[in-house]
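Source file start_21.pdb; content: PDB, C-alpha atoms.
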ATOM      1  CA  MET M 800       5.022 -11.836 -78.823
ATOM      2  CA  ALA M 801       4.434 -15.191 -77.143
ATOM      3  CA  ASN M 802       2.794 -18.117 -78.926
ATOM      4  CA  ILE M 803      -0.370 -19.126 -77.044
ATOM      5  CA  TYR M 804      -1.945 -22.580 -77.279
ATOM      6  CA  TYR M 805      -5.456 -23.666 -76.329
ATOM      7  CA  ASP M 806      -7.485 -26.877 -75.990
ATOM      8  CA  ASP M 807      -7.649 -27.491 -79.729
ATOM      9  CA  ASP M 808      -3.840 -27.366 -79.920
ATOM     10  CA  ALA M 809      -3.360 -30.178 -77.408
ATOM     11  CA  ASN M 810      -4.267 -33.856 -77.510
ATOM     12  CA  LEU M 811      -4.574 -35.996 -74.388
ATOM     13  CA  GLN M 812      -3.742 -39.016 -76.545
ATOM     14  CA  ALA M 813      -0.098 -38.151 -75.926
ATOM     15  CA  LEU M 814      -0.635 -39.312 -72.318
ATOM     16  CA  GLN M 815      -3.071 -42.153 -72.924
ATOM     17  CA  GLY M 816      -1.765 -45.545 -71.849
ATOM     18  CA  LYS M 817       0.976 -43.895 -69.836
ATOM     19  CA  THR M 818       1.460 -43.570 -66.096
ATOM     20  CA  LEU M 819       2.067 -40.148 -64.587
ATOM     21  CA  ALA M 820       3.956 -39.906 -61.311
ATOM     22  CA  VAL M 821       3.436 -36.632 -59.467
ATOM     23  CA  LEU M 822       6.211 -36.214 -56.902
ATOM     24  CA  GLY M 823       4.931 -34.156 -54.003
ATOM     25  CA  TYR M 824       1.406 -33.440 -52.808
ATOM     26  CA  GLY M 825       1.638 -29.864 -51.643
ATOM     27  CA  SER M 826       0.025 -26.796 -53.170
ATOM     28  CA  GLN M 827       0.864 -27.620 -56.793
ATOM     29  CA  GLY M 828       1.173 -31.378 -56.325
ATOM     30  CA  HIS M 829      -2.375 -31.978 -55.172
ATOM     31  CA  ALA M 830      -3.780 -29.800 -57.977
ATOM     32  CA  HIS M 831      -1.775 -31.477 -60.742
ATOM     33  CA  ALA M 832      -2.504 -34.973 -59.477
ATOM     34  CA  LEU M 833      -6.249 -34.489 -59.013
ATOM     35  CA  ASN M 834      -6.782 -32.527 -62.226
ATOM     36  CA  ALA M 835      -4.853 -35.056 -64.313
ATOM     37  CA  HIS M 836      -6.660 -37.955 -62.616
ATOM     38  CA  GLU M 837     -10.020 -36.393 -63.435
ATOM     39  CA  SER M 838      -8.852 -35.881 -67.032
ATOM     40  CA  GLY M 839      -8.518 -39.648 -67.352
ATOM     41  CA  ILE M 840      -4.771 -39.948 -66.825
ATOM     42  CA  ASN M 841      -3.379 -42.837 -64.784
ATOM     43  CA  VAL M 842      -1.815 -40.996 -61.829
ATOM     44  CA  ILE M 843       0.307 -42.185 -58.939
ATOM     45  CA  VAL M 844       1.646 -39.862 -56.255
ATOM     46  CA  GLY M 845       5.243 -40.297 -55.154
ATOM     47  CA  LEU M 846       5.993 -39.330 -51.550
ATOM     48  CA  ARG M 847       8.836 -39.840 -49.107
ATOM     49  CA  ASP M 848       8.327 -42.354 -46.332
ATOM     50  CA  GLY M 849       6.397 -40.820 -43.458
ATOM     51  CA  SER M 850       4.981 -37.965 -45.523
ATOM     52  CA  ALA M 851       2.099 -36.186 -43.808
ATOM     53  CA  SER M 852       0.444 -35.837 -47.213
ATOM     54  CA  LYS M 853      -0.058 -39.563 -47.755
ATOM     55  CA  ALA M 854      -3.415 -39.752 -45.986
ATOM     56  CA  ALA M 855      -4.811 -36.752 -47.880
ATOM     57  CA  ALA M 856      -3.775 -38.173 -51.257
ATOM     58  CA  GLU M 857      -5.223 -41.592 -50.502
ATOM     59  CA  GLN M 858      -8.425 -40.065 -49.165
ATOM     60  CA  ALA M 859      -8.756 -38.249 -52.490
ATOM     61  CA  GLY M 860      -8.699 -41.621 -54.238
ATOM     62  CA  LEU M 861      -5.130 -41.489 -55.531
ATOM     63  CA  THR M 862      -2.552 -44.268 -55.430
ATOM     64  CA  VAL M 863       0.464 -43.359 -53.304
ATOM     65  CA  LYS M 864       3.875 -45.016 -53.498
ATOM     66  CA  PRO M 865       7.392 -44.246 -52.264
ATOM     67  CA  THR M 866       9.142 -41.780 -54.553
ATOM     68  CA  ALA M 867      11.612 -44.251 -56.085
ATOM     69  CA  GLU M 868       8.902 -46.816 -56.759
ATOM     70  CA  ALA M 869       6.608 -44.232 -58.309
ATOM     71  CA  VAL M 870       9.379 -43.111 -60.663
ATOM     72  CA  LYS M 871      10.162 -46.687 -61.648
ATOM     73  CA  GLU M 872       6.540 -47.367 -62.609
ATOM     74  CA  ALA M 873       5.950 -44.098 -64.437
ATOM     75  CA  ASP M 874       6.386 -42.911 -67.999
ATOM     76  CA  VAL M 875       6.040 -39.230 -67.112
ATOM     77  CA  ILE M 876       7.522 -37.910 -63.865
ATOM     78  CA  MET M 877       6.427 -34.447 -62.702
ATOM     79  CA  VAL M 878       8.744 -33.101 -59.997
ATOM     80  CA  LEU M 879       6.807 -30.787 -57.679
ATOM     81  CA  LEU M 880       9.174 -30.605 -54.727
ATOM     82  CA  PRO M 881      10.866 -27.543 -53.151
ATOM     83  CA  ASP M 882      13.709 -26.229 -55.319
ATOM     84  CA  GLU M 883      16.315 -26.747 -52.625
ATOM     85  CA  ILE M 884      15.708 -30.504 -52.244
ATOM     86  CA  GLN M 885      15.114 -31.515 -55.848
ATOM     87  CA  GLY M 886      18.781 -32.184 -56.573
ATOM     88  CA  ASP M 887      19.167 -34.614 -53.674
ATOM     89  CA  VAL M 888      15.884 -36.399 -54.432
ATOM     90  CA  TYR M 889      16.860 -36.665 -58.084
ATOM     91  CA  SER M 890      20.210 -38.288 -57.268
ATOM     92  CA  ARG M 891      18.724 -40.663 -54.702
ATOM     93  CA  ASP M 892      15.305 -41.641 -56.026
ATOM     94  CA  ILE M 893      14.787 -40.426 -59.588
ATOM     95  CA  ALA M 894      17.980 -40.917 -61.621
ATOM     96  CA  PRO M 895      18.459 -44.612 -60.702
ATOM     97  CA  ASN M 896      14.875 -45.378 -61.756
ATOM     98  CA  LEU M 897      14.593 -43.464 -65.043
ATOM     99  CA  SER M 898      14.184 -45.443 -68.239
ATOM    100  CA  GLU M 899      14.855 -44.532 -71.841
ATOM    101  CA  GLY M 900      11.804 -42.808 -73.290
ATOM    102  CA  ASN M 901      10.623 -41.369 -69.982
ATOM    103  CA  THR M 902       9.549 -37.754 -69.698
ATOM    104  CA  LEU M 903      10.949 -35.726 -66.810
ATOM    105  CA  ALA M 904       8.721 -32.731 -66.088
ATOM    106  CA  PHE M 905       8.996 -29.653 -63.889
ATOM    107  CA  ALA M 906       6.855 -26.664 -62.951
ATOM    108  CA  HIS M 907       9.906 -24.417 -62.522
ATOM    109  CA  GLY M 908      13.230 -24.533 -64.337
ATOM    110  CA  PHE M 909      15.512 -23.734 -61.382
ATOM    111  CA  ASN M 910      17.259 -27.088 -61.024
ATOM    112  CA  ILE M 911      17.765 -27.611 -64.751
ATOM    113  CA  VAL M 912      19.011 -24.080 -65.454
ATOM    114  CA  PHE M 913      21.408 -24.094 -62.505
ATOM    115  CA  GLN M 914      22.520 -27.668 -63.232
ATOM    116  CA  GLN M 915      21.463 -29.233 -59.960
ATOM    117  CA  ILE M 916      19.756 -31.862 -62.108
ATOM    118  CA  GLU M 917      21.387 -33.148 -65.308
ATOM    119  CA  PRO M 918      19.060 -35.662 -66.973
ATOM    120  CA  PRO M 919      20.362 -38.393 -69.272
ATOM    121  CA  LYS M 920      20.133 -37.721 -73.009
ATOM    122  CA  ASN M 921      17.559 -40.484 -73.614
ATOM    123  CA  VAL M 922      14.647 -38.824 -71.779
ATOM    124  CA  ASP M 923      12.457 -35.867 -72.644
ATOM    125  CA  VAL M 924      12.666 -32.843 -70.331
ATOM    126  CA  ILE M 925       9.666 -30.503 -70.263
ATOM    127  CA  MET M 926       8.105 -27.849 -68.085
ATOM    128  CA  VAL M 927       4.468 -26.939 -67.434
ATOM    129  CA  ALA M 928       4.182 -24.031 -64.995
ATOM    130  CA  PRO M 929       0.747 -22.754 -63.935
ATOM    131  CA  LYS M 930       0.688 -19.010 -63.314
ATOM    132  CA  GLY M 931      -1.201 -19.319 -60.060
ATOM    133  CA  PRO M 932      -1.038 -21.157 -56.722
ATOM    134  CA  GLY M 933      -2.144 -24.773 -56.536
ATOM    135  CA  HIS M 934      -5.418 -24.125 -54.756
ATOM    136  CA  LEU M 935      -6.417 -21.807 -57.617
ATOM    137  CA  VAL M 936      -5.328 -24.352 -60.253
ATOM    138  CA  ARG M 937      -7.563 -26.892 -58.560
ATOM    139  CA  ARG M 938     -10.572 -24.668 -57.898
ATOM    140  CA  VAL M 939     -10.696 -23.138 -61.361
ATOM    141  CA  PHE M 940     -10.409 -26.607 -62.933
ATOM    142  CA  THR M 941     -13.400 -27.892 -60.929
ATOM    143  CA  GLU M 942     -15.366 -24.874 -62.153
ATOM    144  CA  GLY M 943     -14.710 -25.824 -65.770
ATOM    145  CA  ALA M 944     -12.033 -23.247 -66.540
ATOM    146  CA  GLY M 945      -8.250 -23.222 -66.249
ATOM    147  CA  VAL M 946      -5.322 -21.194 -64.967
ATOM    148  CA  PRO M 947      -2.963 -20.137 -67.798
ATOM    149  CA  CYS M 948       0.391 -21.906 -67.880
ATOM    150  CA  LEU M 949       3.853 -21.576 -69.346
ATOM    151  CA  PHE M 950       5.378 -24.576 -71.087
ATOM    152  CA  ALA M 951       8.823 -25.358 -72.418
ATOM    153  CA  VAL M 952      10.869 -28.177 -73.887
ATOM    154  CA  GLU M 953      14.475 -28.441 -72.735
ATOM    155  CA  GLN M 954      15.282 -31.826 -74.243
ATOM    156  CA  ASP M 955      13.361 -33.673 -76.965
ATOM    157  CA  ALA M 956      14.784 -37.181 -77.101
ATOM    158  CA  SER M 957      11.591 -38.743 -78.439
ATOM    159  CA  GLY M 958      10.554 -36.091 -80.938
ATOM    160  CA  GLN M 959       7.234 -35.876 -79.061
ATOM    161  CA  ALA M 960       8.191 -33.714 -76.098
ATOM    162  CA  GLU M 961       6.116 -30.711 -77.137
ATOM    163  CA  ALA M 962       3.029 -32.865 -77.689
ATOM    164  CA  THR M 963       3.514 -34.368 -74.232
ATOM    165  CA  ALA M 964       3.912 -30.925 -72.632
ATOM    166  CA  LEU M 965       0.748 -29.624 -74.289
ATOM    167  CA  ALA M 966      -1.159 -32.768 -73.302
ATOM    168  CA  TYR M 967      -0.012 -32.351 -69.713
ATOM    169  CA  ALA M 968      -1.083 -28.697 -69.734
ATOM    170  CA  LYS M 969      -4.472 -29.782 -71.050
ATOM    171  CA  ALA M 970      -4.798 -32.483 -68.394
ATOM    172  CA  ILE M 971      -4.408 -29.952 -65.576
ATOM    173  CA  GLY M 972      -6.663 -27.367 -67.244
ATOM    174  CA  GLY M 973      -4.020 -24.982 -68.557
ATOM    175  CA  THR M 974      -5.082 -25.007 -72.196
ATOM    176  CA  ARG M 975      -8.557 -23.863 -71.159
ATOM    177  CA  GLY M 976      -6.994 -20.540 -70.171
ATOM    178  CA  GLY M 977      -4.132 -20.645 -72.661
ATOM    179  CA  VAL M 978      -0.506 -21.783 -72.413
ATOM    180  CA  LEU M 979       2.464 -19.673 -73.486
ATOM    181  CA  LYS M 980       5.594 -21.199 -74.959
ATOM    182  CA  THR M 981       8.844 -20.217 -73.267
ATOM    183  CA  THR M 982      12.231 -21.718 -72.401
ATOM    184  CA  PHE M 983      13.516 -23.102 -69.111
ATOM    185  CA  ARG M 984      15.965 -20.214 -68.814
ATOM    186  CA  GLU M 985      13.436 -17.489 -69.595
ATOM    187  CA  GLU M 986      10.906 -18.885 -67.119
ATOM    188  CA  THR M 987      13.476 -19.314 -64.379
ATOM    189  CA  GLU M 988      15.202 -15.964 -64.688
ATOM    190  CA  THR M 989      12.001 -13.933 -65.048
ATOM    191  CA  ASP M 990      10.306 -15.818 -62.217
ATOM    192  CA  LEU M 991      13.177 -15.248 -59.796
ATOM    193  CA  PHE M 992      13.533 -11.621 -60.844
ATOM    194  CA  GLY M 993       9.813 -10.914 -60.479
ATOM    195  CA  GLU M 994       9.743 -12.455 -57.012
ATOM    196  CA  GLN M 995      12.809 -10.671 -55.739
ATOM    197  CA  ALA M 996      12.670  -7.246 -57.363
ATOM    198  CA  VAL M 997       8.918  -6.682 -57.456
ATOM    199  CA  LEU M 998       6.388  -9.146 -56.053
ATOM    200  CA  CYS M 999       8.020 -10.148 -52.776
ATOM    201  CA  GLY M1000      11.275  -8.320 -52.089
ATOM    202  CA  GLY M1001      10.337  -5.079 -53.821
ATOM    203  CA  VAL M1002       6.754  -4.728 -52.581
ATOM    204  CA  THR M1003       7.399  -5.761 -48.987
ATOM    205  CA  SER M1004      10.453  -3.504 -48.731
ATOM    206  CA  LEU M1005       8.437  -0.575 -50.098
ATOM    207  CA  MET M1006       5.604  -1.191 -47.632
ATOM    208  CA  GLN M1007       8.058  -1.599 -44.753
ATOM    209  CA  ALA M1008       9.861   1.625 -45.678
ATOM    210  CA  GLY M1009       6.592   3.544 -45.885
ATOM    211  CA  PHE M1010       5.458   2.189 -42.515
ATOM    212  CA  ASP M1011       8.821   3.024 -40.919
ATOM    213  CA  THR M1012       8.824   6.564 -42.368
ATOM    214  CA  LEU M1013       5.397   7.414 -40.939
ATOM    215  CA  VAL M1014       6.179   5.897 -37.521
ATOM    216  CA  ALA M1015       9.535   7.706 -37.341
ATOM    217  CA  ASN M1016       7.667  10.962 -37.954
ATOM    218  CA  GLY M1017       5.349  10.441 -35.016
ATOM    219  CA  TYR M1018       2.286   8.915 -36.684
ATOM    220  CA  GLN M1019       0.481   6.063 -34.973
ATOM    221  CA  PRO M1020       1.754   2.632 -36.084
ATOM    222  CA  GLU M1021      -1.816   1.433 -36.576
ATOM    223  CA  ILE M1022      -2.573   4.269 -39.005
ATOM    224  CA  ALA M1023       0.728   3.660 -40.796
ATOM    225  CA  TYR M1024      -0.134  -0.028 -41.169
ATOM    226  CA  PHE M1025      -3.523   0.718 -42.714
ATOM    227  CA  GLU M1026      -2.108   3.254 -45.154
ATOM    228  CA  CYS M1027       1.083   1.447 -46.224
ATOM    229  CA  VAL M1028       0.327  -2.268 -45.804
ATOM    230  CA  HIS M1029      -3.342  -3.137 -45.419
ATOM    231  CA  GLU M1030      -4.609  -1.155 -48.398
ATOM    232  CA  MET M1031      -2.044  -2.662 -50.784
ATOM    233  CA  LYS M1032      -4.472  -5.506 -51.493
ATOM    234  CA  LEU M1033      -7.154  -3.079 -52.629
ATOM    235  CA  ILE M1034      -4.805  -1.558 -55.207
ATOM    236  CA  VAL M1035      -3.356  -4.875 -56.372
ATOM    237  CA  ASP M1036      -6.838  -6.343 -56.826
ATOM    238  CA  LEU M1037      -7.769  -3.447 -59.117
ATOM    239  CA  ILE M1038      -4.615  -4.030 -61.176
ATOM    240  CA  TYR M1039      -5.240  -7.790 -61.233
ATOM    241  CA  GLU M1040      -8.758  -7.229 -62.556
ATOM    242  CA  GLY M1041      -7.974  -4.668 -65.262
ATOM    243  CA  GLY M1042      -4.385  -3.466 -65.327
ATOM    244  CA  PHE M1043      -2.931  -0.123 -64.268
ATOM    245  CA  GLU M1044      -5.620   1.709 -66.215
ATOM    246  CA  ASN M1045      -8.400   0.052 -64.197
ATOM    247  CA  MET M1046      -6.688   0.951 -60.933
ATOM    248  CA  ARG M1047      -6.151   4.563 -61.981
ATOM    249  CA  HIS M1048      -9.754   4.832 -63.170
ATOM    250  CA  SER M1049     -11.015   3.555 -59.800
ATOM    251  CA  ILE M1050      -8.968   5.669 -57.401
ATOM    252  CA  SER M1051      -9.449   9.371 -56.625
ATOM    253  CA  ASN M1052      -7.957  12.096 -58.782
ATOM    254  CA  THR M1053      -5.762  13.003 -55.824
ATOM    255  CA  ALA M1054      -4.338   9.486 -55.664
ATOM    256  CA  GLU M1055      -3.920   9.254 -59.431
ATOM    257  CA  TYR M1056      -2.068  12.606 -59.575
ATOM    258  CA  GLY M1057       0.182  11.448 -56.724
ATOM    259  CA  ASP M1058       0.813   8.194 -58.610
ATOM    260  CA  TYR M1059       2.186  10.036 -61.624
ATOM    261  CA  VAL M1060       4.280  12.677 -59.848
ATOM    262  CA  THR M1061       5.591  10.667 -56.894
ATOM    263  CA  GLY M1062       6.046   7.150 -58.286
ATOM    264  CA  PRO M1063       9.174   8.118 -60.263
ATOM    265  CA  ARG M1064      10.680   9.560 -57.069
ATOM    266  CA  MET M1065      10.387   6.117 -55.447
ATOM    267  CA  VAL M1066      11.746   4.096 -58.346
ATOM    268  CA  THR M1067      14.778   6.143 -59.334
ATOM    269  CA  ASP M1068      17.682   5.451 -61.663
ATOM    270  CA  GLU M1069      19.493   4.029 -58.636
ATOM    271  CA  THR M1070      16.605   1.625 -58.043
ATOM    272  CA  LYS M1071      16.659   0.526 -61.670
ATOM    273  CA  TYR M1072      20.420   0.034 -61.448
ATOM    274  CA  GLU M1073      19.944  -2.272 -58.461
ATOM    275  CA  MET M1074      17.240  -4.167 -60.365
ATOM    276  CA  GLN M1075      19.777  -4.769 -63.136
ATOM    277  CA  GLN M1076      22.263  -6.059 -60.553
ATOM    278  CA  VAL M1077      19.601  -8.406 -59.154
ATOM    279  CA  LEU M1078      18.939  -9.745 -62.647
ATOM    280  CA  GLU M1079      22.656 -10.269 -63.252
ATOM    281  CA  ASP M1080      22.970 -12.154 -59.947
ATOM    282  CA  ILE M1081      20.182 -14.452 -61.131
ATOM    283  CA  GLN M1082      21.551 -14.890 -64.656
ATOM    284  CA  SER M1083      25.065 -15.666 -63.433
ATOM    285  CA  GLY M1084      23.867 -18.239 -60.891
ATOM    286  CA  ARG M1085      25.119 -16.250 -57.886
ATOM    287  CA  PHE M1086      21.674 -16.107 -56.302
ATOM    288  CA  ALA M1087      21.096 -19.840 -56.823
ATOM    289  CA  LYS M1088      24.521 -20.650 -55.356
ATOM    290  CA  ASN M1089      23.879 -18.571 -52.227
ATOM    291  CA  PHE M1090      20.362 -19.935 -51.794
ATOM    292  CA  LEU M1091      21.526 -23.549 -52.050
ATOM    293  CA  LEU M1092      24.515 -22.937 -49.762
ATOM    294  CA  ASP M1093      22.180 -21.492 -47.132
ATOM    295  CA  HIS M1094      20.005 -24.611 -47.406
ATOM    296  CA  ARG M1095      23.042 -26.875 -46.933
ATOM    297  CA  VAL M1096      24.008 -25.140 -43.682
ATOM    298  CA  GLY M1097      20.515 -25.464 -42.235
ATOM    299  CA  GLN M1098      18.905 -22.372 -43.785
ATOM    300  CA  THR M1099      20.692 -20.145 -41.274
ATOM    301  CA  GLN M1100      20.107 -16.870 -43.103
ATOM    302  CA  LEU M1101      16.552 -17.741 -44.137
ATOM    303  CA  LYS M1102      15.552 -18.663 -40.596
ATOM    304  CA  THR M1103      17.246 -15.600 -39.087
ATOM    305  CA  GLU M1104      15.523 -13.226 -41.508
ATOM    306  CA  ARG M1105      12.192 -14.991 -40.931
ATOM    307  CA  ALA M1106      12.525 -14.643 -37.156
ATOM    308  CA  ASN M1107      13.467 -10.975 -37.423
ATOM    309  CA  SER M1108      10.447 -10.334 -39.627
ATOM    310  CA  ASP M1109       8.113 -12.162 -37.252
ATOM    311  CA  ARG M1110       9.327  -9.999 -34.331
ATOM    312  CA  SER M1111       9.071  -6.653 -36.157
ATOM    313  CA  LEU M1112       6.747  -3.814 -35.183
ATOM    314  CA  VAL M1113       4.862  -4.023 -38.475
ATOM    315  CA  ALA M1114       4.168  -7.726 -37.831
ATOM    316  CA  GLU M1115       2.949  -7.044 -34.275
ATOM    317  CA  VAL M1116       0.691  -4.176 -35.345
ATOM    318  CA  GLY M1117      -0.685  -6.152 -38.278
ATOM    319  CA  SER M1118      -1.502  -9.136 -36.102
ATOM    320  CA  ARG M1119      -3.487  -6.924 -33.734
ATOM    321  CA  LEU M1120      -5.358  -5.096 -36.463
ATOM    322  CA  ARG M1121      -6.333  -8.236 -38.374
ATOM    323  CA  LYS M1122      -8.197  -9.426 -35.292
ATOM    324  CA  MET M1123     -10.500  -6.444 -35.835
ATOM    325  CA  MET M1124     -11.326  -7.722 -39.328
ATOM    326  CA  PRO M1125     -12.999 -11.139 -39.198
ATOM    327  CA  PHE M1126     -14.068 -10.618 -42.812
ATOM    328  CA  ILE M1127     -10.493 -11.382 -43.887
ATOM    329  CA  SER M1128     -10.526 -15.028 -44.993
ATOM    330  CA  ASN M1129      -8.013 -17.419 -43.420
ATOM    331  CA  PRO M1130      -6.268 -14.842 -41.214
ATOM    332  CA  SER M1131      -2.757 -15.863 -40.266
ATOM    333  CA  SER M1132      -3.167 -14.539 -36.751
TER     334      SER M1132
END

Render the structure in this file as structure tokens.
Amino acid sequence: MANIYYDDDANLQALQGKTLAVLGYGSQGHAHALNAHESGINVIVGLRDGSASKAAAEQAGLTVKPTAEAVKEADVIMVLLPDEIQGDVYSRDIAPNLSEGNTLAFAHGFNIVFQQIEPPKNVDVIMVAPKGPGHLVRRVFTEGAGVPCLFAVEQDASGQAEATALAYAKAIGGTRGGVLKTTFREETETDLFGEQAVLCGGVTSLMQAGFDTLVANGYQPEIAYFECVHEMKLIVDLIYEGGFENMRHSISNTAEYGDYVTGPRMVTDETKYEMQQVLEDIQSGRFAKNFLLDHRVGQTQLKTERANSDRSLVAEVGSRLRKMMPFISNPSS
């Protein structure tokens, strides 16, 4: 079982008198920077020249500096940039400006585990990874609570890396909800697997297949969308609020019976075999290699798949139906 740490297990003194550079001001970046700032930490935001986020960060009362300069002035550097660009930014702006005794921090272990970033031996390397999107990390913090986090220490040059990680988690609100100790490798491999096999790849492929099956059998695409795509949120919300048991308690007996007898027909031994292959691709670094190669050639595969998805029948039907539902917050179309 995981070790879980709370407010009383962390001390902000580990960050007092130090400067924290948050690199990036996107979803996670803005939440980390603002939460830490309001926890009394001296925060500067590091951004590339011409970043569209500069005005928003300055308007929020934060000091903004070019990435290299921010790193040079900081004691703790939190890297909150897209996985595919971290290696290049590290080589160009971070590595030349690191000093002995610095702490290099991440919210995802991808670049350390797959050796796109190899820090010097005289710095601490930690991870604090909130288990929620940045807007939730920020909102919950302002309400006096916190989103749970994972934390890990990859390299402890100072002997104080764990104290720094826990202090950082406290500064962004994580210890209010509880932080779980992990390793860079465990976080990275489970995160990638969950995204690919279940949360994104698995769920969307299942919904798409259900939609396609109904349409191929002559049912109206709009009905198929409601039954196989739209209502997924209702089920996931019930699970989110109280686990599988809450969902099964809330649905009809008909649906619950169908859950038990039909679910195993969808996730077969062949499906589980493919899940194991996905995990092995992640563990071996094959997925990371392919992902980074695609980035280096202009994201050819990513952009092609994105365009195909945007032009699909399920996307067209969904766009039309969402216009009938103004109660959906922030509709994409």

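Nearest residue to Arg975 of chain M, choosing from M:Asp806, M:Val844, M:Gly1097, M:Glu883 and counting only C-alpha atoms: M:Asp806.
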
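Residue selection for this entry, given the PyMOL selection byres ((chain M and resi 920) around 9), comprises Glu899, Pro918, Pro919, Asn921, Val922, Asp923, Gln954, Asp955 and Ala956 of chain M.
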
Around the point (1.3, -18.5, -79.2) in the file's coordinates, collect all residues with an atom within 9 Å, using all atoms listed in the file, and return them as a count of residues only.
-> 10

Shortest interatomic distance to Gln914 of chain M - which of M:Gln1098, M:Gly1084, M:Pro929, M:Gly1001, counting all atoms listed in the file |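 Distance minimum relative to Gln914 of chain M lands on M:Gly1084.
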
Interatomic distance (Å, one decimal) between atom CA of Asp1080 of chain M and atom CA of Thr1099 of chain M =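 Result for atom CA of Asp1080 of chain M versus atom CA of Thr1099 of chain M: 20.4 Å, one decimal.
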
Between M:Arg891, M:His907, M:Arg984, M:Lys871, smallest distance to Gln827 of chain M by all atoms listed in the file belongs to M:His907

Could you state which residues are captured by the PyMOL selection byres ((chain M and resi 810-821) around 9) in this file, as an mmCIF file with C-alpha atoms, in the coordinates of the input?
data_model
loop_
_atom_site.group_PDB
_atom_site.id
_atom_site.type_symbol
_atom_site.label_atom_id
_atom_site.label_comp_id
_atom_site.auth_asym_id
_atom_site.auth_seq_id
_atom_site.Cartn_x
_atom_site.Cartn_y
_atom_site.Cartn_z
ATOM 1 C CA ASP M 806 -7.485 -26.877 -75.990
ATOM 2 C CA ASP M 807 -7.649 -27.491 -79.729
ATOM 3 C CA ASP M 808 -3.840 -27.366 -79.920
ATOM 4 C CA ALA M 809 -3.360 -30.178 -77.408
ATOM 5 C CA LEU M 822 6.211 -36.214 -56.902
ATOM 6 C CA GLY M 823 4.931 -34.156 -54.003
ATOM 7 C CA TYR M 824 1.406 -33.440 -52.808
ATOM 8 C CA GLY M 828 1.173 -31.378 -56.325
ATOM 9 C CA HIS M 829 -2.375 -31.978 -55.172
ATOM 10 C CA HIS M 831 -1.775 -31.477 -60.742
ATOM 11 C CA ALA M 832 -2.504 -34.973 -59.477
ATOM 12 C CA ALA M 835 -4.853 -35.056 -64.313
ATOM 13 C CA SER M 838 -8.852 -35.881 -67.032
ATOM 14 C CA GLY M 839 -8.518 -39.648 -67.352
ATOM 15 C CA ILE M 840 -4.771 -39.948 -66.825
ATOM 16 C CA ASN M 841 -3.379 -42.837 -64.784
ATOM 17 C CA VAL M 842 -1.815 -40.996 -61.829
ATOM 18 C CA ILE M 843 0.307 -42.185 -58.939
ATOM 19 C CA VAL M 844 1.646 -39.862 -56.255
ATOM 20 C CA GLY M 845 5.243 -40.297 -55.154
ATOM 21 C CA LEU M 846 5.993 -39.330 -51.550
ATOM 22 C CA THR M 866 9.142 -41.780 -54.553
ATOM 23 C CA ALA M 869 6.608 -44.232 -58.309
ATOM 24 C CA VAL M 870 9.379 -43.111 -60.663
ATOM 25 C CA GLU M 872 6.540 -47.367 -62.609
ATOM 26 C CA ALA M 873 5.950 -44.098 -64.437
ATOM 27 C CA ASP M 874 6.386 -42.911 -67.999
ATOM 28 C CA VAL M 875 6.040 -39.230 -67.112
ATOM 29 C CA ILE M 876 7.522 -37.910 -63.865
ATOM 30 C CA MET M 877 6.427 -34.447 -62.702
ATOM 31 C CA VAL M 878 8.744 -33.101 -59.997
ATOM 32 C CA LEU M 879 6.807 -30.787 -57.679
ATOM 33 C CA GLN M 959 7.234 -35.876 -79.061
ATOM 34 C CA ALA M 962 3.029 -32.865 -77.689
ATOM 35 C CA THR M 963 3.514 -34.368 -74.232
ATOM 36 C CA ALA M 964 3.912 -30.925 -72.632
ATOM 37 C CA LEU M 965 0.748 -29.624 -74.289
ATOM 38 C CA ALA M 966 -1.159 -32.768 -73.302
ATOM 39 C CA TYR M 967 -0.012 -32.351 -69.713
ATOM 40 C CA LYS M 969 -4.472 -29.782 -71.050
ATOM 41 C CA ALA M 970 -4.798 -32.483 -68.394
#

Which residue of M:Glu857, M:Ser850, M:Thr987, M:Val927 approaches Val952 of chain M most closely, using only C-alpha atoms |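 Result for the nearest residue to Val952 of chain M: M:Val927.
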